[in-house]
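Trainee: The file below is model-v3.txt, compact mmCIF, C-alpha atoms:
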# COMPACT_ATOMS: atom_id res chain seq x y z
CA MET O 40 0.00 0.00 0.00
CA GLU O 41 2.85 2.36 0.86
CA ASN O 42 4.50 1.63 -2.52
CA THR O 43 1.97 3.42 -4.71
CA ALA O 44 4.55 6.04 -5.63
CA SER O 45 7.76 4.02 -5.36
CA PRO O 46 10.53 4.01 -7.99
CA ASP O 47 9.72 0.34 -8.66
CA ASP O 48 6.34 1.44 -10.07
CA GLY O 49 8.06 3.79 -12.50
CA LEU O 50 6.47 6.76 -10.69
CA SER O 51 8.40 8.43 -7.87
CA ALA O 52 6.90 10.55 -5.12
CA ARG O 53 8.72 13.53 -6.66
CA SER O 54 7.12 12.95 -10.07
CA VAL O 55 3.68 12.53 -8.51
CA GLU O 56 4.18 15.77 -6.60
CA SER O 57 5.30 17.51 -9.78
CA SER O 58 2.22 16.23 -11.61
CA ALA O 59 -0.04 17.48 -8.85
CA ILE O 60 1.58 20.91 -8.84
CA ALA O 61 1.42 21.09 -12.63
CA ALA O 62 -2.23 20.05 -12.67
CA SER O 63 -3.22 22.61 -10.05
CA GLY O 64 -1.00 25.33 -11.44
CA THR O 65 -2.11 25.07 -15.06
CA GLY O 66 -5.83 24.92 -14.36
CA ALA O 67 -6.23 21.23 -15.28
CA ASP O 68 -9.49 19.67 -14.13
CA SER O 69 -9.92 18.20 -10.67
CA LEU O 70 -9.94 14.63 -11.98
CA ALA O 71 -6.35 14.99 -13.24
CA TYR O 72 -5.30 16.50 -9.92
CA SER O 73 -7.03 13.73 -7.99
CA PHE O 74 -5.21 11.12 -10.05
CA ALA O 75 -1.87 12.71 -9.14
CA THR O 76 -2.80 12.57 -5.44
CA SER O 77 -2.01 9.28 -3.71
CA TYR O 78 -5.18 7.34 -2.91
CA ALA O 79 -3.16 5.28 -0.43
CA GLY O 80 -2.22 8.51 1.29
CA VAL O 81 -5.84 9.63 1.53
CA VAL O 82 -6.88 6.26 3.02
CA ALA O 83 -3.99 6.42 5.51
CA PHE O 84 -4.97 9.99 6.40
CA ILE O 85 -8.60 9.01 7.04
CA ALA O 86 -7.49 6.08 9.20
CA VAL O 87 -5.18 8.25 11.35
CA ALA O 88 -7.81 10.95 11.74
CA SER O 89 -10.41 8.35 12.76
CA GLU O 90 -8.19 6.31 15.11
CA GLY O 91 -6.30 9.22 16.67
CA ASN O 92 -2.75 7.97 16.07
CA PHE O 93 -0.55 6.26 13.51
CA ALA O 94 -0.15 2.95 15.36
CA LYS O 95 -3.89 2.28 15.61
CA ALA O 96 -4.33 3.37 12.00
CA GLY O 97 -1.70 0.82 10.97
CA ASP O 98 -3.50 -1.92 12.91
CA ARG O 99 -6.77 -1.05 11.17
CA LEU O 100 -5.20 -1.05 7.71
CA GLY O 101 -3.08 -4.15 8.36
CA ILE O 102 0.22 -2.37 7.71
CA GLY O 103 3.01 -1.04 9.90
CA ARG O 104 3.03 2.35 11.63
CA SER O 105 5.98 3.50 9.51
CA ALA O 106 4.12 2.62 6.28
CA VAL O 107 1.16 4.73 7.40
CA SER O 108 3.50 7.60 8.27
CA ARG O 109 5.19 7.44 4.84
CA SER O 110 1.85 7.42 3.01
CA VAL O 111 0.62 10.46 4.94
CA GLN O 112 3.95 12.24 4.43
CA LYS O 113 3.69 11.68 0.65
CA LEU O 114 0.15 13.04 0.69
CA GLU O 115 1.25 16.14 2.59
CA ASP O 116 4.10 16.63 0.11
CA GLN O 117 1.71 16.28 -2.82
CA LEU O 118 -0.74 18.76 -1.31
CA GLY O 119 1.97 21.09 -0.03
CA THR O 120 0.10 21.23 3.29
CA ARG O 121 0.69 19.90 6.81
CA LEU O 122 -2.34 17.79 7.81
CA PHE O 123 -1.33 16.64 11.31
CA LEU O 124 0.34 18.19 14.34
CA ARG O 125 2.58 15.43 15.67
CA THR O 126 4.25 15.20 19.06
CA THR O 127 5.67 12.23 20.92
CA ARG O 128 2.44 12.03 22.93
CA SER O 129 -0.34 13.05 20.55
CA THR O 130 -1.48 13.45 16.97
CA SER O 131 -4.09 16.02 16.02
CA LEU O 132 -5.42 17.56 12.84
CA THR O 133 -4.31 20.98 11.70
CA ARG O 134 -7.00 23.41 10.53
CA GLU O 135 -6.14 22.42 6.96
CA GLY O 136 -6.32 18.76 8.00
CA GLU O 137 -9.75 19.28 9.55
CA ARG O 138 -11.00 20.85 6.34
CA PHE O 139 -9.47 18.11 4.19
CA TYR O 140 -11.01 15.41 6.40
CA GLU O 141 -14.43 17.06 6.24
CA ASN O 142 -14.30 17.19 2.46
CA CYS O 143 -12.89 13.74 1.66
CA HIS O 144 -14.00 11.25 4.32
CA THR O 145 -17.51 10.95 2.86
CA GLY O 146 -16.06 10.23 -0.58
CA VAL O 147 -13.74 7.53 0.76
CA LYS O 148 -16.68 6.00 2.63
CA HIS O 149 -18.63 5.82 -0.63
CA ILE O 150 -15.67 4.17 -2.38
CA VAL O 151 -15.43 1.56 0.37
CA GLN O 152 -19.16 0.93 0.12
CA ALA O 153 -18.86 0.54 -3.66
CA LEU O 154 -16.03 -1.98 -3.23
CA ASP O 155 -18.08 -3.91 -0.65
CA ASP O 156 -21.06 -3.87 -3.03
CA MET O 157 -18.96 -5.32 -5.86
CA ARG O 158 -17.61 -7.99 -3.51
CA GLU O 159 -21.14 -8.95 -2.46
CA LEU O 160 -22.21 -9.16 -6.11
CA ARG O 161 -19.26 -11.44 -6.83
CA GLU O 162 -19.46 -13.63 -3.75
CA GLY O 163 -23.15 -13.45 -2.80
CA PRO O 164 -26.24 -14.82 -4.59
CA PRO O 165 -26.32 -13.76 -8.26
CA ALA O 166 -28.21 -10.49 -8.63
CA GLY O 167 -28.55 -7.51 -10.96
CA HIS O 168 -29.80 -6.84 -14.48
CA LEU O 169 -29.14 -8.87 -17.64
CA ARG O 170 -29.51 -7.43 -21.13
CA ILE O 171 -29.87 -10.31 -23.60
CA ASN O 172 -29.93 -10.21 -27.39
CA ALA O 173 -31.13 -12.98 -29.71
CA THR O 174 -32.12 -13.48 -33.33
CA THR O 175 -35.87 -13.06 -33.70
CA GLY O 176 -36.78 -16.68 -34.44
CA PHE O 177 -34.46 -18.33 -31.94
CA GLY O 178 -35.22 -15.77 -29.26
CA ARG O 179 -38.98 -16.11 -29.58
CA LYS O 180 -39.14 -19.90 -29.86
CA ILE O 181 -36.21 -21.08 -27.70
CA VAL O 182 -34.87 -18.36 -25.39
CA ALA O 183 -38.06 -16.58 -24.26
CA PRO O 184 -39.89 -19.73 -23.03
CA LEU O 185 -36.88 -20.59 -20.81
CA LEU O 186 -36.81 -17.23 -19.02
CA LYS O 187 -39.61 -18.16 -16.61
CA GLY O 188 -37.59 -21.08 -15.24
CA PHE O 189 -34.45 -18.95 -15.03
CA ARG O 190 -36.26 -16.21 -13.11
CA THR O 191 -37.67 -18.82 -10.73
CA ALA O 192 -34.18 -20.17 -10.08
CA TYR O 193 -32.62 -16.69 -9.77
CA PRO O 194 -35.30 -14.23 -8.58
CA ASP O 195 -32.78 -11.45 -7.87
CA ILE O 196 -31.78 -11.21 -11.55
CA SER O 197 -33.91 -9.09 -13.88
CA VAL O 198 -33.79 -9.89 -17.59
CA GLU O 199 -34.32 -7.79 -20.69
CA LEU O 200 -34.57 -9.73 -23.97
CA LEU O 201 -34.05 -7.85 -27.24
CA LEU O 202 -34.82 -9.57 -30.56
CA ASP O 203 -32.73 -8.45 -33.52
CA ASP O 204 -31.50 -10.27 -36.63
CA GLY O 205 -28.67 -7.80 -37.24
CA PRO O 206 -25.10 -7.91 -35.86
CA THR O 207 -24.75 -7.54 -32.08
CA ASP O 208 -23.25 -4.30 -30.79
CA PHE O 209 -22.15 -5.48 -27.33
CA THR O 210 -20.69 -2.19 -26.13
CA GLY O 211 -23.02 0.29 -27.81
CA ASN O 212 -26.17 -1.52 -26.68
CA ARG O 213 -24.70 -2.78 -23.38
CA ILE O 214 -25.43 -6.42 -24.26
CA ASP O 215 -24.34 -9.03 -21.70
CA VAL O 216 -25.13 -12.19 -23.70
CA SER O 217 -26.17 -12.70 -27.31
CA PHE O 218 -27.61 -15.76 -29.07
CA ARG O 219 -26.40 -15.87 -32.67
CA ASP O 220 -27.06 -18.17 -35.63
CA GLY O 221 -24.04 -19.39 -37.54
CA ARG O 222 -20.33 -19.03 -36.98
CA MET O 223 -19.03 -15.87 -35.37
CA GLU O 224 -16.44 -13.80 -37.26
CA ASP O 225 -15.51 -11.37 -34.44
CA SER O 226 -12.35 -12.62 -32.74
CA GLN O 227 -13.04 -10.37 -29.73
CA VAL O 228 -16.22 -12.29 -28.88
CA ILE O 229 -16.32 -15.53 -26.89
CA ALA O 230 -18.66 -17.82 -28.88
CA LYS O 231 -19.87 -21.05 -27.28
CA GLN O 232 -21.80 -23.45 -29.51
CA ILE O 233 -24.85 -24.67 -27.64
CA VAL O 234 -26.67 -26.76 -30.28
CA PRO O 235 -26.27 -27.59 -33.97
CA MET O 236 -27.88 -25.33 -36.54
CA GLN O 237 -29.10 -27.45 -39.41
CA MET O 238 -30.79 -25.67 -42.30
CA LEU O 239 -33.60 -27.81 -43.73
CA LEU O 240 -35.53 -27.36 -46.93
CA CYS O 241 -39.16 -28.13 -46.09
CA ALA O 242 -42.65 -28.08 -47.50
CA ALA O 243 -46.13 -29.11 -46.41
CA PRO O 244 -47.45 -32.49 -47.67
CA SER O 245 -50.33 -30.64 -49.38
CA TYR O 246 -47.85 -28.57 -51.40
CA ILE O 247 -45.85 -31.66 -52.43
CA ALA O 248 -49.05 -33.46 -53.45
CA THR O 249 -49.82 -30.62 -55.86
CA HIS O 250 -46.36 -29.66 -57.10
CA SER O 251 -44.36 -32.89 -56.58
CA MET O 252 -41.10 -33.33 -54.66
CA PRO O 253 -38.00 -31.64 -56.16
CA ALA O 254 -35.31 -34.21 -56.99
CA GLU O 255 -32.45 -31.80 -57.73
CA ILE O 256 -31.53 -28.25 -56.76
CA GLU O 257 -32.28 -27.10 -60.31
CA ASP O 258 -35.89 -28.26 -59.89
CA LEU O 259 -36.45 -25.44 -57.38
CA ALA O 260 -36.71 -22.99 -60.28
CA ARG O 261 -40.13 -24.55 -61.01
CA HIS O 262 -41.36 -24.27 -57.43
CA CYS O 263 -42.87 -21.51 -55.32
CA CYS O 264 -39.96 -20.56 -53.06
CA ILE O 265 -40.39 -18.52 -49.88
CA ASN O 266 -37.36 -16.63 -48.66
CA PHE O 267 -36.02 -14.52 -45.81
CA ARG O 268 -35.14 -10.84 -46.25
CA LEU O 269 -31.99 -10.09 -44.22
CA PRO O 270 -31.61 -6.89 -42.14
CA SER O 271 -29.19 -5.67 -44.83
CA GLY O 272 -32.03 -5.84 -47.35
CA ARG O 273 -30.48 -8.74 -49.25
CA LEU O 274 -32.35 -12.02 -49.73
CA TYR O 275 -30.93 -15.01 -47.89
CA ASP O 276 -28.89 -17.44 -50.03
CA TRP O 277 -30.03 -21.03 -49.59
CA GLU O 278 -27.16 -23.33 -48.72
CA PHE O 279 -26.50 -26.86 -49.96
CA LYS O 280 -23.63 -29.34 -50.06
CA VAL O 281 -23.07 -31.12 -53.36
CA ASN O 282 -20.29 -33.72 -53.77
CA GLY O 283 -18.68 -32.46 -50.60
CA LEU O 284 -18.61 -28.82 -51.74
CA ALA O 285 -20.70 -25.92 -50.44
CA ARG O 286 -23.12 -24.46 -52.93
CA LYS O 287 -25.33 -21.39 -52.60
CA PHE O 288 -28.60 -20.93 -54.43
CA THR O 289 -30.73 -17.79 -54.47
CA PRO O 290 -34.23 -18.84 -55.48
CA GLN O 291 -36.67 -16.71 -57.45
CA SER O 292 -38.89 -15.99 -54.46
CA MET O 293 -42.64 -15.75 -54.93
CA LEU O 294 -42.95 -14.71 -51.28
CA SER O 295 -40.42 -13.13 -48.94
CA PHE O 296 -40.58 -11.98 -45.33
CA ASN O 297 -38.18 -10.44 -42.82
CA ASP O 298 -39.63 -12.63 -40.05
CA ALA O 299 -38.82 -16.34 -39.77
CA ASP O 300 -42.16 -17.18 -38.13
CA LEU O 301 -44.09 -15.72 -41.07
CA ILE O 302 -42.07 -17.91 -43.44
CA LEU O 303 -42.86 -20.97 -41.35
CA GLN O 304 -46.57 -20.11 -41.28
CA ALA O 305 -46.68 -19.72 -45.07
CA VAL O 306 -44.96 -23.09 -45.57
CA LEU O 307 -47.34 -24.81 -43.12
CA GLU O 308 -50.24 -23.38 -45.12
CA GLY O 309 -48.87 -25.09 -48.26
CA GLN O 310 -47.87 -21.88 -50.03
CA GLY O 311 -44.39 -23.05 -51.00
CA ILE O 312 -40.94 -24.39 -50.07
CA ALA O 313 -38.48 -22.68 -47.73
CA GLN O 314 -35.13 -23.36 -46.11
CA MET O 315 -35.44 -22.96 -42.34
CA ALA O 316 -33.45 -23.70 -39.19
CA GLY O 317 -33.94 -27.10 -37.58
CA TYR O 318 -35.17 -25.64 -34.27
CA GLN O 319 -38.09 -24.04 -36.16
CA VAL O 320 -39.28 -27.12 -37.97
CA SER O 321 -38.33 -30.10 -35.78
CA GLU O 322 -41.72 -30.53 -34.10
CA TYR O 323 -43.57 -30.23 -37.41
CA LEU O 324 -41.32 -32.82 -39.04
CA ARG O 325 -42.11 -35.21 -36.19
CA LYS O 326 -45.83 -34.65 -36.60
CA GLY O 327 -45.64 -35.00 -40.38
CA THR O 328 -47.12 -31.54 -41.00
CA LEU O 329 -43.86 -30.74 -42.82
CA VAL O 330 -41.65 -32.99 -44.95
CA PRO O 331 -37.92 -32.54 -45.77
CA CYS O 332 -36.91 -31.77 -49.33
CA LEU O 333 -33.49 -32.57 -50.86
CA PRO O 334 -32.03 -33.81 -47.54
CA GLN O 335 -29.21 -35.45 -49.51
CA TYR O 336 -27.91 -31.93 -50.22
CA ALA O 337 -28.20 -30.63 -46.67
CA PRO O 338 -25.44 -28.11 -45.82
CA ASP O 339 -22.92 -28.43 -43.01
CA ASP O 340 -23.99 -27.59 -39.49
CA ARG O 341 -23.50 -23.89 -38.75
CA GLY O 342 -24.27 -23.98 -35.02
CA HIS O 343 -26.25 -21.78 -32.63
CA TYR O 344 -23.88 -19.81 -30.44
CA LEU O 345 -24.10 -18.16 -27.06
CA CYS O 346 -21.77 -15.13 -27.16
CA TYR O 347 -20.26 -12.74 -24.63
CA LEU O 348 -17.27 -10.43 -24.50
CA SER O 349 -14.85 -11.89 -21.95
CA ARG O 350 -14.23 -14.84 -19.63
CA GLN O 351 -12.29 -12.67 -17.18
CA HIS O 352 -14.11 -11.37 -14.10
CA LEU O 353 -17.43 -12.63 -15.44
CA PRO O 354 -20.22 -11.39 -13.12
CA GLY O 355 -22.18 -14.09 -11.34
CA ARG O 356 -25.45 -13.09 -13.02
CA ILE O 357 -23.92 -13.69 -16.47
CA ARG O 358 -22.17 -16.91 -15.46
CA VAL O 359 -25.33 -18.55 -14.08
CA PHE O 360 -27.35 -17.41 -17.12
CA ILE O 361 -24.85 -18.99 -19.51
CA ASP O 362 -24.79 -22.25 -17.55
CA TYR O 363 -28.58 -22.39 -17.19
CA MET O 364 -29.35 -21.65 -20.84
CA THR O 365 -26.68 -24.02 -22.14
CA ALA O 366 -28.06 -26.92 -20.09
CA GLN O 367 -31.72 -26.17 -20.87
CA ILE O 368 -31.30 -25.65 -24.60
CA ARG O 369 -29.17 -28.76 -25.00
CA ALA O 370 -31.89 -30.73 -23.22
CA LEU O 371 -34.45 -29.73 -25.86
CA ASP O 372 -35.17 -32.28 -28.58
CA LEU O 373 -33.97 -30.20 -31.53
CA LEU O 374 -33.63 -32.64 -34.39
CA SER O 375 -30.61 -32.76 -36.66
CA VAL O 376 -30.86 -33.21 -40.41
CA ASP O 377 -29.25 -36.62 -39.90
CA ASN O 378 -32.61 -37.84 -38.59
CA PHE O 379 -34.08 -37.38 -42.06
CA LEU O 380 -31.30 -38.48 -44.40
CA LEU O 381 -32.66 -41.99 -44.51
CA LYS O 382 -36.22 -40.77 -44.87
CA GLY O 383 -35.61 -38.36 -47.73
Once you've parsed the file, please lay out its structure as structure tokens.
Mentor:
Amino acid sequence: MENTASPDDGLSARSVESSAIAASGTGADSLAYSFATSYAGVVAFIAVASEGNFAKAGDRLGIGRSAVSRSVQKLEDQLGTRLFLRTTRSTSLTREGERFYENCHTGVKHIVQALDDMRELREGPPAGHLRINATTGFGRKIVAPLLKGFRTAYPDISVELLLDDGPTDFTGNRIDVSFRDGRMEDSQVIAKQIVPMQMLLCAAPSYIATHSMPAEIEDLARHCCINFRLPSGRLYDWEFKVNGLARKFTPQSMLSFNDADLILQAVLEGQGIAQMAGYQVSEYLRKGTLVPCLPQYAPDDRGHYLCYLSRQHLPGRIRVFIDYMTAQIRALDLLSVDNFLLKG
């Protein structure tokens, strides 16, 4: 504590004093001047003023009497003011010391309270506010229904869920956790795959009965294709894998929406064929209200990812949310395209 302005730190007491004098003398703002003033010295000063002498202050701070004395001496040098009247029998505040104590002890108390509050957040039951972002379809169908159970398990955590199909701005929008479809390209983001993301070409049995089942990708040109309009304004490219190579196909869309649920509803009504994520269509494929098309050309798994900015000093509220959602989503019966390769 007494080494905050030691030569080993690359910042001597003399240089700190010079910075303080320069800041005060040139009219620099109070924040710059406060930075030049030793926080350790202020804490030592408050302890001596509260306890009445340097020895008791050292006991309270867990350091030696001489370390307290050096910290206070540095502070006095930085301020250019004597704060204590010292004799062999007593220690008392000077008039300047009384004024300094009156002005700064409340601020130090608030800092201590803030540190205690952060410690309680870290070590106590998870609490606070979570701001979550998810793609519209995945957020509505998968994430939102799980929030009730999470809130029951962690009642001291409030949750705000924002649905957005565009890129996640973690810092600008103060996002704690984001659920994204497909591989992440930002190297600054921690991306944890929670479940596969299989894209499936599907249609209703009534549509197939009328228009027949496409046998090849080229056959889609003769079908009513329903597509997704991306936030960028561009239509989504359908993805396939042919002879081990990725292939993209942009269909001539007879219908397009910027909402995945509207696409699903149109397909269920027999209005056409669409390529959709497995989590959207799995229950309908089980029931037989949708059938897979061209499963032999299904693309590689892209993955659904749970994303956040850093593993270091992760707040408890974020850590328990990540663990809870990972376990709950992986427990869901979200079918993979492999379930239909033999059926197609």
Trainee: Give me the residues within 12 Å of region 271-278 of chain O as a ChimeraX atom specification, counting all atoms listed in the file and dropping any in the same chain fewer than 4 places off.
Mentor: /O:204-206,237-240,256,259,264-267,284-292,294-299,312-316,333-334,336-341
Trainee: With all atoms listed in the file as the counted atoms, please give the residues lying no more than 12 Å from Asp203 (chain O), apart from itself and same-chain residues fewer than 4 positions off, as a list in words.
Mentor: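 Listed by chain and then number, they are Ile171, Asn172, Ala173, Thr174, Thr175, Gly176, Phe177, Gly178, Arg179, Thr207, Asp208, Asn212, Ile214, Ser217, Phe218, Arg219, Asp220, Leu269, Pro270, Asn297, Asp298 and Ala299 of chain O.
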Trainee: What does the structure give for the distance between CA of Ala94 (chain O) and CA of Met157 (chain O), in Å to one decimal?
Mentor: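 Computed distance, CA of Ala94 (chain O) to CA of Met157 (chain O), equals 29.5 Å.
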Trainee: With only C-alpha atoms as the atoms that count, which of O:Asp195, O:Glu308, O:Asp215, O:Glu255 lies nearest to Gln335 (chain O)?
Mentor: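 Counting only C-alpha atoms, the residue closest to Gln335 (chain O) is O:Glu255.
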Trainee: Considering all atoms listed in the file, state which residue in the set O:Gln304, O:Leu371, O:Leu122, O:Ala243 is at the smallest distance from Leu324 (chain O).
Mentor: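 Comparing O:Gln304, O:Leu371, O:Leu122, O:Ala243 against Leu324 (chain O), the winner is O:Ala243.
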Trainee: One decimal, Å: what's the distance from CA of Tyr246 (chain O) over to CA of Glu322 (chain O), could you say?
Mentor: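 That distance, rounded to one decimal, is 18.5 Å.
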Trainee: Choose the residue, out of O:Ala242, O:Arg358, O:Thr133, O:Ile102, that has the smallest atom-to-atom separation from Ile302 (chain O); count only C-alpha atoms.
Mentor: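 Answer, going by the shortest atom-to-atom distance: O:Ala242.
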Trainee: Calculate how many Å separate CA of Val330 (chain O) from CA of Pro244 (chain O), rounding to one decimal.
Mentor: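 We find that CA of Val330 (chain O) and CA of Pro244 (chain O) lie 6.4 Å from each other.
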Trainee: For Val81 (chain O), which residue among O:Thr126, O:Ser321, O:Thr191, O:Gln112 is the nearest when counting all atoms listed in the file?
Mentor: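 Among O:Thr126, O:Ser321, O:Thr191, O:Gln112, it is O:Gln112 that comes nearest to Val81 (chain O).
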Trainee: Given the choices O:His352, O:Gly80, O:Asp372, O:Leu345, which gets closest to Arg325 (chain O) if the distance is worked out from all atoms listed in the file?
Mentor: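 Smallest separation from Arg325 (chain O) among the options: O:Asp372.
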Trainee: Smallest atom-to-atom distance to Val198 (chain O): which of O:His343, O:Arg350, O:His168, O:His262, using all atoms listed in the file?
Mentor: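 For Val198 (chain O), the nearest of the candidates is O:His168.
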Trainee: Can you tell me, as an NGL selection string, what residues are no more than 12 Å from Glu115 (chain O) when counting all atoms listed in the file, ignoring any on the same chain fewer than 3 positions away?
Mentor: :O and (52 or 55-56 or 59 or 76-77 or 80-81 or 83-84 or 108-112 or 118-124 or 133 or 135-136 or 139)
Trainee: Using only C-alpha atoms, which residues sit within 12 Å of Ala192 (chain O) once same-chain residues fewer than 5 positions away are excluded, as a list in words?
Mentor: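 Selected residues are Pro164, Pro165, Ala166, Leu185, Leu186, Lys187, Ser197, Arg356, Val359, Phe360, Tyr363 and Met364 of chain O.
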